[in-house]
$ cat model-v1.pdb   # PDB, C-alpha atoms
ATOM      1  CA  MET B  11       0.000   0.000   0.000
ATOM      2  CA  HIS B  12       1.237   3.489  -0.846
ATOM      3  CA  PRO B  13       2.264   5.450   2.294
ATOM      4  CA  PHE B  14      -0.391   8.067   1.501
ATOM      5  CA  ASP B  15      -3.198   5.508   1.348
ATOM      6  CA  SER B  16      -1.908   3.854   4.499
ATOM      7  CA  ALA B  17      -1.944   7.214   6.296
ATOM      8  CA  LEU B  18      -5.591   7.754   5.326
ATOM      9  CA  GLN B  19      -6.839   4.375   6.532
ATOM     10  CA  MET B  20      -9.866   4.661   8.836
ATOM     11  CA  GLN B  21     -12.486   2.288  10.145
ATOM     12  CA  PRO B  22     -16.126   2.875  11.165
ATOM     13  CA  ARG B  23     -16.935   2.929  14.873
ATOM     14  CA  GLY B  24     -20.254   1.817  16.292
ATOM     15  CA  ASP B  25     -21.453   5.352  17.062
ATOM     16  CA  GLY B  26     -21.108   6.544  13.467
ATOM     17  CA  ARG B  27     -17.633   7.973  13.835
ATOM     18  CA  LEU B  28     -14.550   6.912  11.908
ATOM     19  CA  ILE B  29     -11.319   5.881  13.646
ATOM     20  CA  GLY B  30      -7.807   6.519  12.340
ATOM     21  CA  ARG B  31      -4.283   7.218  13.477
ATOM     22  CA  ALA B  32      -1.720   9.810  12.432
ATOM     23  CA  SER B  33       1.056   8.364  10.262
ATOM     24  CA  ARG B  34       4.709   8.874  11.167
ATOM     25  CA  ASP B  35       5.444   8.868   7.412
ATOM     26  CA  TYR B  36       3.877  12.335   7.226
ATOM     27  CA  TRP B  37       5.170  13.690  10.525
ATOM     28  CA  ASN B  38       6.295  17.295  10.873
ATOM     29  CA  MET B  39       7.944  18.931  13.882
ATOM     30  CA  VAL B  40       5.252  18.366  16.529
ATOM     31  CA  GLY B  41       2.666  16.307  14.657
ATOM     32  CA  PRO B  42       1.546  15.355  11.146
ATOM     33  CA  TYR B  43       1.871  18.166   8.636
ATOM     34  CA  GLY B  44      -1.349  20.020   7.949
ATOM     35  CA  GLY B  45      -1.842  18.706   4.418
ATOM     36  CA  ILE B  46      -2.241  15.094   5.494
ATOM     37  CA  THR B  47      -4.687  16.064   8.267
ATOM     38  CA  ALA B  48      -6.795  18.099   5.831
ATOM     39  CA  ALA B  49      -6.683  15.192   3.345
ATOM     40  CA  THR B  50      -7.901  12.857   6.100
ATOM     41  CA  ALA B  51     -10.854  15.156   6.729
ATOM     42  CA  LEU B  52     -11.787  15.209   3.047
ATOM     43  CA  ARG B  53     -11.548  11.437   2.721
ATOM     44  CA  ALA B  54     -13.861  11.036   5.721
ATOM     45  CA  VAL B  55     -16.525  12.929   3.772
ATOM     46  CA  LEU B  56     -15.886  10.996   0.556
ATOM     47  CA  LEU B  57     -16.447   7.752   2.491
ATOM     48  CA  GLN B  58     -19.960   8.820   3.481
ATOM     49  CA  PRO B  59     -22.690   6.903   1.556
ATOM     50  CA  ALA B  60     -24.679  10.136   1.209
ATOM     51  CA  ALA B  61     -21.809  12.085  -0.409
ATOM     52  CA  GLN B  62     -22.718  13.251  -3.918
ATOM     53  CA  GLY B  63     -20.751  14.951  -6.682
ATOM     54  CA  SER B  64     -17.122  15.974  -6.330
ATOM     55  CA  PRO B  65     -15.335  18.264  -3.848
ATOM     56  CA  LEU B  66     -15.583  21.993  -4.550
ATOM     57  CA  ALA B  67     -14.094  23.479  -1.396
ATOM     58  CA  LEU B  68     -12.473  22.516   1.884
ATOM     59  CA  THR B  69     -11.949  24.787   4.883
ATOM     60  CA  ALA B  70      -9.800  23.284   7.634
ATOM     61  CA  ASN B  71      -9.183  25.046  10.950
ATOM     62  CA  PHE B  72      -6.259  23.568  12.869
ATOM     63  CA  VAL B  73      -7.276  23.829  16.502
ATOM     64  CA  ALA B  74      -4.407  21.856  18.086
ATOM     65  CA  PRO B  75      -1.552  19.546  17.013
ATOM     66  CA  VAL B  76      -2.590  15.957  16.299
ATOM     67  CA  ARG B  77      -0.838  13.671  18.785
ATOM     68  CA  ASP B  78       0.783  10.331  17.962
ATOM     69  CA  ASP B  79      -2.316   8.426  18.975
ATOM     70  CA  ALA B  80      -5.673   7.295  17.620
ATOM     71  CA  PHE B  81      -8.269   9.887  16.617
ATOM     72  CA  SER B  82     -11.961   9.798  15.791
ATOM     73  CA  ILE B  83     -13.783  11.746  13.076
ATOM     74  CA  GLU B  84     -17.299  13.049  13.510
ATOM     75  CA  VAL B  85     -19.017  13.835  10.183
ATOM     76  CA  SER B  86     -22.442  15.404   9.625
ATOM     77  CA  LEU B  87     -24.314  16.583   6.532
ATOM     78  CA  GLN B  88     -25.601  20.107   7.173
ATOM     79  CA  ARG B  89     -27.593  20.645   3.982
ATOM     80  CA  SER B  90     -28.025  19.086   0.545
ATOM     81  CA  ASN B  91     -29.669  20.439  -2.608
ATOM     82  CA  ARG B  92     -29.523  19.843  -6.360
ATOM     83  CA  SER B  93     -26.180  21.624  -6.772
ATOM     84  CA  THR B  94     -24.234  21.386  -3.506
ATOM     85  CA  GLN B  95     -23.817  19.536  -0.231
ATOM     86  CA  HIS B  96     -22.390  21.112   2.911
ATOM     87  CA  TRP B  97     -20.582  18.813   5.346
ATOM     88  CA  HIS B  98     -19.192  19.609   8.783
ATOM     89  CA  LEU B  99     -16.645  17.454  10.593
ATOM     90  CA  ARG B 100     -14.392  17.379  13.620
ATOM     91  CA  ILE B 101     -11.314  15.315  14.407
ATOM     92  CA  LEU B 102     -11.052  14.485  18.112
ATOM     93  CA  GLN B 103      -8.542  12.737  20.375
ATOM     94  CA  SER B 104      -9.103  11.267  23.823
ATOM     95  CA  LEU B 105      -7.710  12.960  26.913
ATOM     96  CA  PRO B 106      -6.310  11.170  30.003
ATOM     97  CA  ASP B 107      -9.287  12.352  32.086
ATOM     98  CA  GLY B 108     -11.737  10.644  29.734
ATOM     99  CA  GLY B 109     -12.715  13.757  27.830
ATOM    100  CA  GLU B 110     -12.037  14.642  24.205
ATOM    101  CA  ASP B 111      -9.893  17.291  22.579
ATOM    102  CA  VAL B 112     -10.899  18.826  19.225
ATOM    103  CA  VAL B 113      -7.792  19.034  17.041
ATOM    104  CA  LEU B 114      -9.420  20.024  13.729
ATOM    105  CA  GLN B 115     -12.759  21.278  12.564
ATOM    106  CA  ALA B 116     -13.611  21.570   8.883
ATOM    107  CA  MET B 117     -16.273  22.255   6.287
ATOM    108  CA  VAL B 118     -16.418  20.440   2.929
ATOM    109  CA  VAL B 119     -18.616  21.541   0.030
ATOM    110  CA  MET B 120     -19.472  18.921  -2.590
ATOM    111  CA  GLY B 121     -20.857  19.970  -5.973
ATOM    112  CA  GLN B 122     -22.673  18.509  -8.955
ATOM    113  CA  ARG B 123     -20.665  19.646 -12.006
ATOM    114  CA  ARG B 124     -22.567  20.166 -15.261
ATOM    115  CA  GLU B 125     -21.718  20.674 -18.930
ATOM    116  CA  VAL B 126     -22.085  24.458 -19.282
ATOM    117  CA  TRP B 127     -19.933  27.331 -20.580
ATOM    118  CA  SER B 128     -16.417  27.318 -19.118
ATOM    119  CA  GLY B 129     -13.539  29.789 -19.346
ATOM    120  CA  ARG B 130     -10.138  30.533 -17.891
ATOM    121  CA  ALA B 131      -8.478  33.837 -17.052
ATOM    122  CA  ALA B 132      -5.389  32.501 -15.237
ATOM    123  CA  HIS B 133      -2.287  31.201 -17.036
ATOM    124  CA  ALA B 134       0.424  28.850 -15.790
ATOM    125  CA  PRO B 135       3.802  30.420 -14.973
ATOM    126  CA  LYS B 136       6.748  29.749 -17.252
ATOM    127  CA  ALA B 137       9.208  27.333 -15.645
ATOM    128  CA  ALA B 138      11.837  24.779 -16.642
ATOM    129  CA  GLY B 139      10.515  21.218 -16.638
ATOM    130  CA  PRO B 140      11.020  19.007 -13.570
ATOM    131  CA  GLU B 141      13.421  16.643 -15.366
ATOM    132  CA  GLY B 142      16.103  19.323 -15.506
ATOM    133  CA  LEU B 143      15.751  20.470 -11.903
ATOM    134  CA  LYS B 144      17.379  19.023  -8.808
ATOM    135  CA  ARG B 145      15.207  17.428  -6.163
ATOM    136  CA  ARG B 146      15.114  19.266  -2.845
ATOM    137  CA  ARG B 147      16.821  17.114  -0.230
ATOM    138  CA  GLY B 148      14.676  15.871   2.648
ATOM    139  CA  ARG B 149      15.409  16.193   6.352
ATOM    140  CA  ASP B 150      15.398  13.289   8.808
ATOM    141  CA  GLU B 151      13.529  15.308  11.445
ATOM    142  CA  ILE B 152      10.722  16.142   8.961
ATOM    143  CA  PRO B 153       9.577  12.774   7.498
ATOM    144  CA  TRP B 154       6.698  14.202   5.418
ATOM    145  CA  PHE B 155       9.163  16.135   3.292
ATOM    146  CA  SER B 156      10.519  12.866   1.884
ATOM    147  CA  ARG B 157       7.038  11.774   0.811
ATOM    148  CA  TYR B 158       7.108  14.342  -2.015
ATOM    149  CA  ASP B 159       9.458  14.894  -4.918
ATOM    150  CA  LEU B 160       9.880  18.679  -4.770
ATOM    151  CA  ARG B 161      11.884  20.482  -7.460
ATOM    152  CA  PHE B 162      12.147  24.258  -7.259
ATOM    153  CA  ALA B 163      12.252  26.446 -10.348
ATOM    154  CA  THR B 164      12.881  29.464  -8.096
ATOM    155  CA  HIS B 165      14.902  29.405  -4.875
ATOM    156  CA  PRO B 166      12.583  29.203  -1.830
ATOM    157  CA  PHE B 167      14.976  31.239   0.340
ATOM    158  CA  ARG B 168      16.632  33.564  -2.183
ATOM    159  CA  PRO B 169      14.177  34.614  -4.900
ATOM    160  CA  GLU B 170      15.237  37.183  -7.475
ATOM    161  CA  SER B 171      12.555  39.483  -6.074
ATOM    162  CA  LEU B 172      10.419  39.173  -2.960
ATOM    163  CA  ASP B 173       7.438  40.165  -5.134
ATOM    164  CA  ASP B 174       7.884  37.094  -7.343
ATOM    165  CA  PRO B 175       6.080  33.819  -6.571
ATOM    166  CA  ILE B 176       7.947  30.740  -5.411
ATOM    167  CA  ILE B 177       7.563  28.137  -8.169
ATOM    168  CA  HIS B 178       8.077  24.402  -7.802
ATOM    169  CA  TRP B 179       7.147  21.042  -9.279
ATOM    170  CA  VAL B 180       5.709  18.378  -7.003
ATOM    171  CA  ARG B 181       4.358  14.831  -7.042
ATOM    172  CA  ASP B 182       3.971  12.013  -4.536
ATOM    173  CA  ASP B 183       6.978   9.819  -3.774
ATOM    174  CA  PRO B 184       6.605   7.089  -4.815
ATOM    175  CA  PRO B 185       4.402   8.386  -7.678
ATOM    176  CA  ARG B 186       0.688   7.846  -7.154
ATOM    177  CA  PRO B 187      -2.402   8.646  -9.274
ATOM    178  CA  LEU B 188      -3.918  11.961  -8.273
ATOM    179  CA  ASP B 189      -7.212  12.127  -6.408
ATOM    180  CA  PHE B 190      -8.922  14.750  -4.276
ATOM    181  CA  PRO B 191      -7.277  13.817  -0.949
ATOM    182  CA  SER B 192      -3.806  13.847  -2.552
ATOM    183  CA  LEU B 193      -4.528  17.229  -4.179
ATOM    184  CA  THR B 194      -5.488  18.526  -0.740
ATOM    185  CA  ALA B 195      -2.235  17.310   0.779
ATOM    186  CA  ILE B 196      -0.122  18.647  -2.110
ATOM    187  CA  ALA B 197      -1.770  22.058  -1.640
ATOM    188  CA  ASP B 198       0.151  22.260   1.652
ATOM    189  CA  THR B 199       3.608  21.423   0.220
ATOM    190  CA  PHE B 200       4.466  25.060  -0.574
ATOM    191  CA  PHE B 201       7.381  26.608   1.311
ATOM    192  CA  PRO B 202       6.000  29.502   3.410
ATOM    193  CA  PRO B 203       7.079  32.761   1.703
ATOM    194  CA  MET B 204       8.023  33.942   5.183
ATOM    195  CA  PHE B 205      11.241  31.916   4.736
ATOM    196  CA  ALA B 206      12.212  33.983   1.697
ATOM    197  CA  HIS B 207      11.406  37.282   3.384
ATOM    198  CA  ARG B 208      13.437  36.389   6.475
ATOM    199  CA  GLY B 209      16.146  34.488   4.587
ATOM    200  CA  ALA B 210      15.851  31.473   6.896
ATOM    201  CA  MET B 211      13.399  28.949   8.313
ATOM    202  CA  VAL B 212      11.461  30.475  11.206
ATOM    203  CA  PRO B 213       8.709  28.849  13.308
ATOM    204  CA  VAL B 214       5.389  28.901  11.407
ATOM    205  CA  ALA B 215       2.131  26.974  11.647
ATOM    206  CA  THR B 216      -1.100  26.918   9.654
ATOM    207  CA  VAL B 217      -4.138  28.256  11.494
ATOM    208  CA  SER B 218      -6.720  27.977   8.708
ATOM    209  CA  MET B 219      -6.518  26.501   5.199
ATOM    210  CA  ASN B 220      -8.897  26.783   2.255
ATOM    211  CA  VAL B 221      -8.627  24.560  -0.829
ATOM    212  CA  TYR B 222     -10.733  25.123  -3.954
ATOM    213  CA  PHE B 223     -10.915  22.396  -6.599
ATOM    214  CA  HIS B 224     -11.312  23.210 -10.312
ATOM    215  CA  CYS B 225     -11.640  19.686 -11.680
ATOM    216  CA  GLY B 226     -13.905  16.658 -11.445
ATOM    217  CA  HIS B 227     -13.371  12.946 -10.882
ATOM    218  CA  GLU B 228     -12.894  12.192 -14.580
ATOM    219  CA  ASP B 229     -10.372  15.021 -14.967
ATOM    220  CA  LEU B 230      -8.250  13.619 -12.157
ATOM    221  CA  ALA B 231      -8.464  10.086 -13.485
ATOM    222  CA  ALA B 232      -7.021  11.321 -16.794
ATOM    223  CA  MET B 233      -4.108  13.079 -15.053
ATOM    224  CA  GLY B 234      -2.681   9.914 -13.517
ATOM    225  CA  GLU B 235       0.677  10.353 -11.770
ATOM    226  CA  ARG B 236       1.726  13.532 -13.543
ATOM    227  CA  TRP B 237       3.742  16.367 -12.054
ATOM    228  CA  LEU B 238       1.952  19.446 -10.758
ATOM    229  CA  LEU B 239       3.392  22.938 -11.097
ATOM    230  CA  GLY B 240       2.850  25.187  -8.102
ATOM    231  CA  GLU B 241       3.228  28.918  -7.559
ATOM    232  CA  GLY B 242       2.840  30.505  -4.135
ATOM    233  CA  ARG B 243       3.187  33.941  -2.558
ATOM    234  CA  SER B 244       2.202  36.003   0.475
ATOM    235  CA  ASN B 245       0.735  39.501   0.650
ATOM    236  CA  VAL B 246       1.150  40.672   4.237
ATOM    237  CA  PHE B 247       3.017  39.778   7.436
ATOM    238  CA  HIS B 248       1.510  41.506  10.447
ATOM    239  CA  GLU B 249       1.813  41.040  14.211
ATOM    240  CA  GLY B 250       2.462  37.322  14.220
ATOM    241  CA  PHE B 251       0.237  36.217  11.321
ATOM    242  CA  PHE B 252       0.556  36.161   7.530
ATOM    243  CA  ASP B 253      -1.369  34.946   4.517
ATOM    244  CA  ALA B 254      -0.235  32.487   1.839
ATOM    245  CA  GLU B 255      -1.943  31.905  -1.497
ATOM    246  CA  ALA B 256      -1.023  29.332  -4.119
ATOM    247  CA  ARG B 257      -2.092  27.657  -7.350
ATOM    248  CA  LEU B 258      -1.483  24.165  -8.695
ATOM    249  CA  TRP B 259      -1.347  23.460 -12.423
ATOM    250  CA  ALA B 260      -1.531  20.217 -14.413
ATOM    251  CA  GLU B 261       0.238  21.350 -17.586
ATOM    252  CA  ASP B 262      -1.778  24.442 -18.609
ATOM    253  CA  ARG B 263      -4.847  23.561 -16.531
ATOM    254  CA  LEU B 264      -5.444  25.179 -13.149
ATOM    255  CA  VAL B 265      -6.694  22.411 -10.836
ATOM    256  CA  VAL B 266      -6.392  23.939  -7.334
ATOM    257  CA  THR B 267      -6.273  27.344  -5.694
ATOM    258  CA  THR B 268      -5.544  27.533  -1.983
ATOM    259  CA  HIS B 269      -5.270  30.149   0.754
ATOM    260  CA  GLN B 270      -3.909  29.942   4.269
ATOM    261  CA  VAL B 271      -3.560  32.088   7.358
ATOM    262  CA  MET B 272      -0.392  31.183   9.232
ATOM    263  CA  TRP B 273       1.124  32.015  12.615
ATOM    264  CA  TYR B 274       4.789  32.941  12.961
ATOM    265  CA  ARG B 275       7.311  34.120  15.510
ATOM    266  CA  GLU B 276      10.896  35.328  15.339
TER     267      GLU B 276
END

$ encode --input "model-v1.pdb" --output "structure tokens"
Amino acid sequence: MHPFDSALQMQPRGDGRLIGRASRDYWNMVGPYGGITAATALRAVLLQPAAQGSPLALTANFVAPVRDDAFSIEVSLQRSNRSTQHWHLRILQSLPDGGEDVVLQAMVVMGQRREVWSGRAAHAPKAAGPEGLKRRRGRDEIPWFSRYDLRFATHPFRPESLDDPIIHWVRDDPPRPLDFPSLTAIADTFFPPMFAHRGAMVPVATVSMNVYFHCGHEDLAAMGERWLLGEGRSNVFHEGFFDAEARLWAEDRLVVTTHQVMWYRE
């Protein structure tokens, strides 16, 4: 089983919840990196028998770090109509006193896509292909970093201009066919632009993450294991928080836009 699929394994519990456990393959400094937790939340919705259509949007609020222990997922359908479904979920972990700690709460919007007029205003950035770029070396203390083949077309710490986006190629390692949970996780593989502005890695953490999907199930099935081209930037750093926005391209097709609010300290 691919490490990503293993990390997203979950089983139904008698009370309607799903049970899973954070994977050390996708561990960050103090817990799993945010992308894999958000992907877990999305998969919990996709496993629901009542889920219809394909994901349109995910909003994940990271309440607390996920501990190296089992967790449960509580999923509820808030409203369903002919075009969209709105799902709410929480990821919880048990406390020593018998209580529960909410570590993530999220909303997922599912949509019924239809054959109507379509257009595109955005265009993919120009970048050298991944074959000619060197893979970014992983770090033993950050296992999740080795789960992705990241190749930067611009330097994440020393860009030519701080106004320019950070551009990189990315795919799962080992390669894996794209699906909505993997797109969600890849949307969190961008280096925080804070690193470029400060010229070094500083402590940062995602507070809230939005992912918007611009493709359907059939589109993803046709993409297979291909590379995705990402471009990311920030707009403001203010009093301990900053924003990050990014786009993911499959060749010339925009498949994901994402926005985050992140915490930082010196």

$ resolve_selection --input "model-v1.pdb" --expression "the PyMOL selection byres ((chain B and resi 132) around 10)" --output "PyMOL selection string"
chain B and resi 129-131+133-135+257+262-264

$ residues_around --input "model-v1.pdb" --residues "B:Gly240" --least-positions-apart "6" --cutoff "6 Å" --atoms "all atoms listed in the file" --output "list in words"
Ile177, His178, Arg257 and Leu258 of chain B

$ write_last_selection --input "model-v1.pdb" --atoms "C-alpha atoms" --output "compact mmCIF listing (two decimals), in the frame of the given file"
# COMPACT_ATOMS: atom_id res chain seq x y z
CA ILE B 177 7.56 28.14 -8.17
CA HIS B 178 8.08 24.40 -7.80
CA ARG B 257 -2.09 27.66 -7.35
CA LEU B 258 -1.48 24.16 -8.70

$ atom_distance --input "model-v1.pdb" --atom1 "atom CA of B:Asn38" --atom2 "atom CA of B:Ser156"
10.9 Å

$ resolve_selection --input "model-v1.pdb" --expression "the PyMOL selection byres ((chain B and resi 88) around 10)" --output "list of chain:residue names"
B:Val85, B:Ser86, B:Leu87, B:Arg89, B:Ser90, B:Gln95, B:His96, B:Trp97, B:His98, B:Leu99, B:Met117

$ closest_residue --input "model-v1.pdb" --among "B:Pro153, B:Gly226, B:Gly24, B:Pro203" --to "B:Trp37" --atoms "all atoms listed in the file"
B:Pro153

$ build_atoms --input "model-v1.pdb" --residues "stretch 21-32 of chain B" --atoms "all heavy atoms" --output "PDB file, in the frame of the given file"
ATOM      1  N   GLN B  21     -11.473   3.322   9.979  1.00  0.00           N
ATOM      2  CA  GLN B  21     -12.486   2.288  10.145  1.00  0.00           C
ATOM      3  C   GLN B  21     -13.714   2.872  10.836  1.00  0.00           C
ATOM      4  O   GLN B  21     -13.592   3.762  11.694  1.00  0.00           O
ATOM      5  CB  GLN B  21     -11.943   1.115  10.967  1.00  0.00           C
ATOM      6  CG  GLN B  21     -10.720   0.455  10.376  1.00  0.00           C
ATOM      7  CD  GLN B  21     -11.001  -0.200   9.034  1.00  0.00           C
ATOM      8  OE1 GLN B  21     -12.100  -0.709   8.816  1.00  0.00           O
ATOM      9  NE2 GLN B  21     -10.005  -0.199   8.151  1.00  0.00           N
ATOM     10  N   PRO B  22     -14.920   2.380  10.502  1.00  0.00           N
ATOM     11  CA  PRO B  22     -16.126   2.875  11.165  1.00  0.00           C
ATOM     12  C   PRO B  22     -16.194   2.406  12.621  1.00  0.00           C
ATOM     13  O   PRO B  22     -15.775   1.301  12.949  1.00  0.00           O
ATOM     14  CB  PRO B  22     -17.267   2.275  10.340  1.00  0.00           C
ATOM     15  CG  PRO B  22     -16.668   1.079   9.683  1.00  0.00           C
ATOM     16  CD  PRO B  22     -15.228   1.396   9.445  1.00  0.00           C
ATOM     17  N   ARG B  23     -16.700   3.275  13.479  1.00  0.00           N
ATOM     18  CA  ARG B  23     -16.935   2.929  14.873  1.00  0.00           C
ATOM     19  C   ARG B  23     -18.436   2.805  15.081  1.00  0.00           C
ATOM     20  O   ARG B  23     -19.221   3.351  14.319  1.00  0.00           O
ATOM     21  CB  ARG B  23     -16.349   4.022  15.784  1.00  0.00           C
ATOM     22  CG  ARG B  23     -16.147   3.573  17.222  1.00  0.00           C
ATOM     23  CD  ARG B  23     -15.377   4.622  18.015  1.00  0.00           C
ATOM     24  NE  ARG B  23     -16.218   5.726  18.438  1.00  0.00           N
ATOM     25  CZ  ARG B  23     -15.830   6.717  19.242  1.00  0.00           C
ATOM     26  NH1 ARG B  23     -14.581   6.735  19.679  1.00  0.00           N
ATOM     27  NH2 ARG B  23     -16.641   7.689  19.565  1.00  0.00           N
ATOM     28  N   GLY B  24     -18.844   2.113  16.092  1.00  0.00           N
ATOM     29  CA  GLY B  24     -20.254   1.817  16.292  1.00  0.00           C
ATOM     30  C   GLY B  24     -21.149   3.037  16.407  1.00  0.00           C
ATOM     31  O   GLY B  24     -22.333   2.974  16.082  1.00  0.00           O
ATOM     32  N   ASP B  25     -20.623   4.168  16.861  1.00  0.00           N
ATOM     33  CA  ASP B  25     -21.453   5.352  17.062  1.00  0.00           C
ATOM     34  C   ASP B  25     -21.512   6.253  15.828  1.00  0.00           C
ATOM     35  O   ASP B  25     -21.957   7.393  15.903  1.00  0.00           O
ATOM     36  CB  ASP B  25     -20.947   6.152  18.262  1.00  0.00           C
ATOM     37  CG  ASP B  25     -19.500   6.597  18.088  1.00  0.00           C
ATOM     38  OD1 ASP B  25     -18.897   6.276  17.046  1.00  0.00           O
ATOM     39  OD2 ASP B  25     -18.964   7.262  18.995  1.00  0.00           O
ATOM     40  N   GLY B  26     -21.071   5.753  14.696  1.00  0.00           N
ATOM     41  CA  GLY B  26     -21.108   6.544  13.467  1.00  0.00           C
ATOM     42  C   GLY B  26     -19.825   7.286  13.150  1.00  0.00           C
ATOM     43  O   GLY B  26     -19.674   7.825  12.058  1.00  0.00           O
ATOM     44  N   ARG B  27     -18.910   7.308  14.083  1.00  0.00           N
ATOM     45  CA  ARG B  27     -17.633   7.973  13.835  1.00  0.00           C
ATOM     46  C   ARG B  27     -16.681   7.058  13.075  1.00  0.00           C
ATOM     47  O   ARG B  27     -16.883   5.846  12.986  1.00  0.00           O
ATOM     48  CB  ARG B  27     -16.973   8.388  15.149  1.00  0.00           C
ATOM     49  CG  ARG B  27     -17.694   9.503  15.895  1.00  0.00           C
ATOM     50  CD  ARG B  27     -16.848   9.957  17.066  1.00  0.00           C
ATOM     51  NE  ARG B  27     -17.513  10.966  17.891  1.00  0.00           N
ATOM     52  CZ  ARG B  27     -16.930  11.561  18.930  1.00  0.00           C
ATOM     53  NH1 ARG B  27     -15.686  11.244  19.278  1.00  0.00           N
ATOM     54  NH2 ARG B  27     -17.583  12.472  19.627  1.00  0.00           N
ATOM     55  N   LEU B  28     -15.636   7.649  12.533  1.00  0.00           N
ATOM     56  CA  LEU B  28     -14.550   6.912  11.908  1.00  0.00           C
ATOM     57  C   LEU B  28     -13.321   6.999  12.803  1.00  0.00           C
ATOM     58  O   LEU B  28     -13.096   8.005  13.479  1.00  0.00           O
ATOM     59  CB  LEU B  28     -14.221   7.509  10.530  1.00  0.00           C
ATOM     60  CG  LEU B  28     -15.333   7.414   9.480  1.00  0.00           C
ATOM     61  CD1 LEU B  28     -15.023   8.324   8.308  1.00  0.00           C
ATOM     62  CD2 LEU B  28     -15.498   5.980   9.006  1.00  0.00           C
ATOM     63  N   ILE B  29     -12.515   5.947  12.816  1.00  0.00           N
ATOM     64  CA  ILE B  29     -11.319   5.881  13.646  1.00  0.00           C
ATOM     65  C   ILE B  29     -10.086   5.778  12.754  1.00  0.00           C
ATOM     66  O   ILE B  29     -10.052   4.999  11.801  1.00  0.00           O
ATOM     67  CB  ILE B  29     -11.362   4.662  14.599  1.00  0.00           C
ATOM     68  CG1 ILE B  29     -12.591   4.753  15.494  1.00  0.00           C
ATOM     69  CG2 ILE B  29     -10.097   4.586  15.436  1.00  0.00           C
ATOM     70  CD1 ILE B  29     -12.584   5.951  16.418  1.00  0.00           C
ATOM     71  N   GLY B  30      -9.067   6.575  13.066  1.00  0.00           N
ATOM     72  CA  GLY B  30      -7.807   6.519  12.340  1.00  0.00           C
ATOM     73  C   GLY B  30      -6.651   6.814  13.269  1.00  0.00           C
ATOM     74  O   GLY B  30      -6.828   6.966  14.485  1.00  0.00           O
ATOM     75  N   ARG B  31      -5.471   6.908  12.696  1.00  0.00           N
ATOM     76  CA  ARG B  31      -4.283   7.218  13.477  1.00  0.00           C
ATOM     77  C   ARG B  31      -3.306   7.980  12.607  1.00  0.00           C
ATOM     78  O   ARG B  31      -3.127   7.652  11.428  1.00  0.00           O
ATOM     79  CB  ARG B  31      -3.618   5.947  14.021  1.00  0.00           C
ATOM     80  CG  ARG B  31      -2.482   6.232  15.002  1.00  0.00           C
ATOM     81  CD  ARG B  31      -1.786   4.970  15.476  1.00  0.00           C
ATOM     82  NE  ARG B  31      -0.785   5.289  16.484  1.00  0.00           N
ATOM     83  CZ  ARG B  31      -0.970   5.207  17.793  1.00  0.00           C
ATOM     84  NH1 ARG B  31      -2.133   4.755  18.249  1.00  0.00           N
ATOM     85  NH2 ARG B  31      -0.025   5.524  18.648  1.00  0.00           N
ATOM     86  N   ALA B  32      -2.682   9.013  13.177  1.00  0.00           N
ATOM     87  CA  ALA B  32      -1.720   9.810  12.432  1.00  0.00           C
ATOM     88  C   ALA B  32      -0.519   8.959  12.024  1.00  0.00           C
ATOM     89  O   ALA B  32      -0.042   8.131  12.796  1.00  0.00           O
ATOM     90  CB  ALA B  32      -1.258  10.996  13.279  1.00  0.00           C
TER      91      ALA B  32
END
